[in-house]
Amino acid sequence: GQQLRGLLKLFAHPKYRLVVLLSLIGGALEAGFASIWFLYLKEKFGMTLQTMAPILSLTTLSNLVAQIWLIKPLQRRFGLKGVISMAFLSGIVTCTGYLLAPTPGALLLVAVLSGLGGLADPGITAVITNLASADEGELG
């Protein structure tokens, strides 16, 4: 209800249209990537859940660090649109890194960067929620 109205208001504004579109595409790609990630690594490197555990743990830790300690300083420095753009770029680099990693050890390096990719979600959700709950549909 409210989030869909906020999303439509945001998409109607030319300044944010590209960000919303990229967010929708990114979300679909992320869901698709997540659904095949284990199978891909199992096929490419012969990994099991046990050998993937360090990568998953590092990815979770990276997301935690980004969400707790990095999002505010990055938003102050680059603004919300900059953080969202940075997150999209990080997501592209992370997915490409996972696909091109020559060894399972290289996946650990990619996992460190993965937390930055998750910074777009809370920012976009906050903007959409604020738009949906505002009486005025104007964006500055």
# chains A, B, ... in the order shown; residues from 1 in each chain; ligands from 1
$ residues_around --residues "segment 57-61 of chain A" --least-positions-apart "5" --cutoff "7 Å" --atoms "only C-alpha atoms" --output "PyMOL selection string"
chain A and resi 111-112+114-115
$ write_last_selection --atoms "N, CA and C atoms" --output "CSV table (one decimal), in the first residue's frame"
chain,number,residue,atom,x,y,z
A,111,ALA,N,34.0,-11.0,-0.9
A,111,ALA,CA,33.0,-10.9,0.2
A,111,ALA,C,33.2,-9.7,1.1
A,112,VAL,N,34.4,-9.2,1.2
A,112,VAL,CA,34.7,-8.0,2.0
A,112,VAL,C,34.0,-6.8,1.4
A,114,SER,N,31.2,-6.9,-0.4
A,114,SER,CA,29.8,-7.1,-0.6
A,114,SER,C,28.9,-6.3,0.3
A,115,GLY,N,29.4,-5.9,1.4
A,115,GLY,CA,28.6,-5.1,2.3
A,115,GLY,C,28.2,-3.8,1.8
$ closest_atom_pairs --of "segment 16-109 of chain A" --to "segment 116-125 of chain A" --cutoff "9 Å" --atoms "only C-alpha atoms" --output "Markdown table"
| residue | atom | partner | partner_atom | distance |
| --- | --- | --- | --- | --- |
| A:Val19 | CA | A:Ile124 | CA | 8.7 |
| A:Val20 | CA | A:Ile124 | CA | 8.0 |
| A:Ser23 | CA | A:Ala120 | CA | 7.9 |
| A:Gly27 | CA | A:Asp121 | CA | 8.9 |
| A:Ser62 | CA | A:Leu116 | CA | 7.7 |
| A:Asn63 | CA | A:Gly118 | CA | 6.6 |
| A:Ala66 | CA | A:Leu116 | CA | 6.0 |
| A:Gln67 | CA | A:Leu119 | CA | 6.7 |
| A:Leu70 | CA | A:Leu116 | CA | 8.6 |
| A:Ile71 | CA | A:Leu119 | CA | 6.7 |
| A:Leu80 | CA | A:Gly123 | CA | 6.6 |
| A:Lys81 | CA | A:Gly123 | CA | 8.6 |
| A:Val83 | CA | A:Ala120 | CA | 6.7 |
| A:Ile84 | CA | A:Ala120 | CA | 4.5 |
| A:Ser85 | CA | A:Ala120 | CA | 7.8 |
| A:Met86 | CA | A:Leu116 | CA | 7.5 |
| A:Ala87 | CA | A:Gly117 | CA | 4.2 |
| A:Phe88 | CA | A:Gly117 | CA | 6.1 |
| A:Leu89 | CA | A:Gly117 | CA | 7.5 |
| A:Ser90 | CA | A:Gly117 | CA | 5.0 |
| A:Gly91 | CA | A:Gly117 | CA | 4.5 |
| A:Ile92 | CA | A:Gly117 | CA | 8.2 |
| A:Val93 | CA | A:Gly117 | CA | 8.9 |
| A:Thr94 | CA | A:Gly117 | CA | 7.7 |
$ atom_distance --atom1 "atom CA of Leu10 of chain A" --atom2 "atom CA of Ala126 of chain A"
11.6 Å
$ closest_residue --among "A:Tyr40, A:Val65, A:Leu74, A:Gly82" --to "Ala101 of chain A" --atoms "only C-alpha atoms"
A:Tyr40
$ residues_around --residues "Lys44 of chain A" --least-positions-apart "3" --cutoff "10 Å" --atoms "only C-alpha atoms" --output "list of chain:residue names"
A:Phe38, A:Leu39, A:Tyr40, A:Leu41, A:Met47, A:Leu99, A:Ala101, A:Pro102, A:Thr103, A:Pro104
$ closest_residue --among "A:Leu7, A:Leu113, A:Gly105, A:Pro14" --to "Met52 of chain A" --atoms "only C-alpha atoms"
A:Gly105
$ atom_distance --atom1 "atom CA of Trp37 of chain A" --atom2 "atom CA of Ile68 of chain A"
25.7 Å
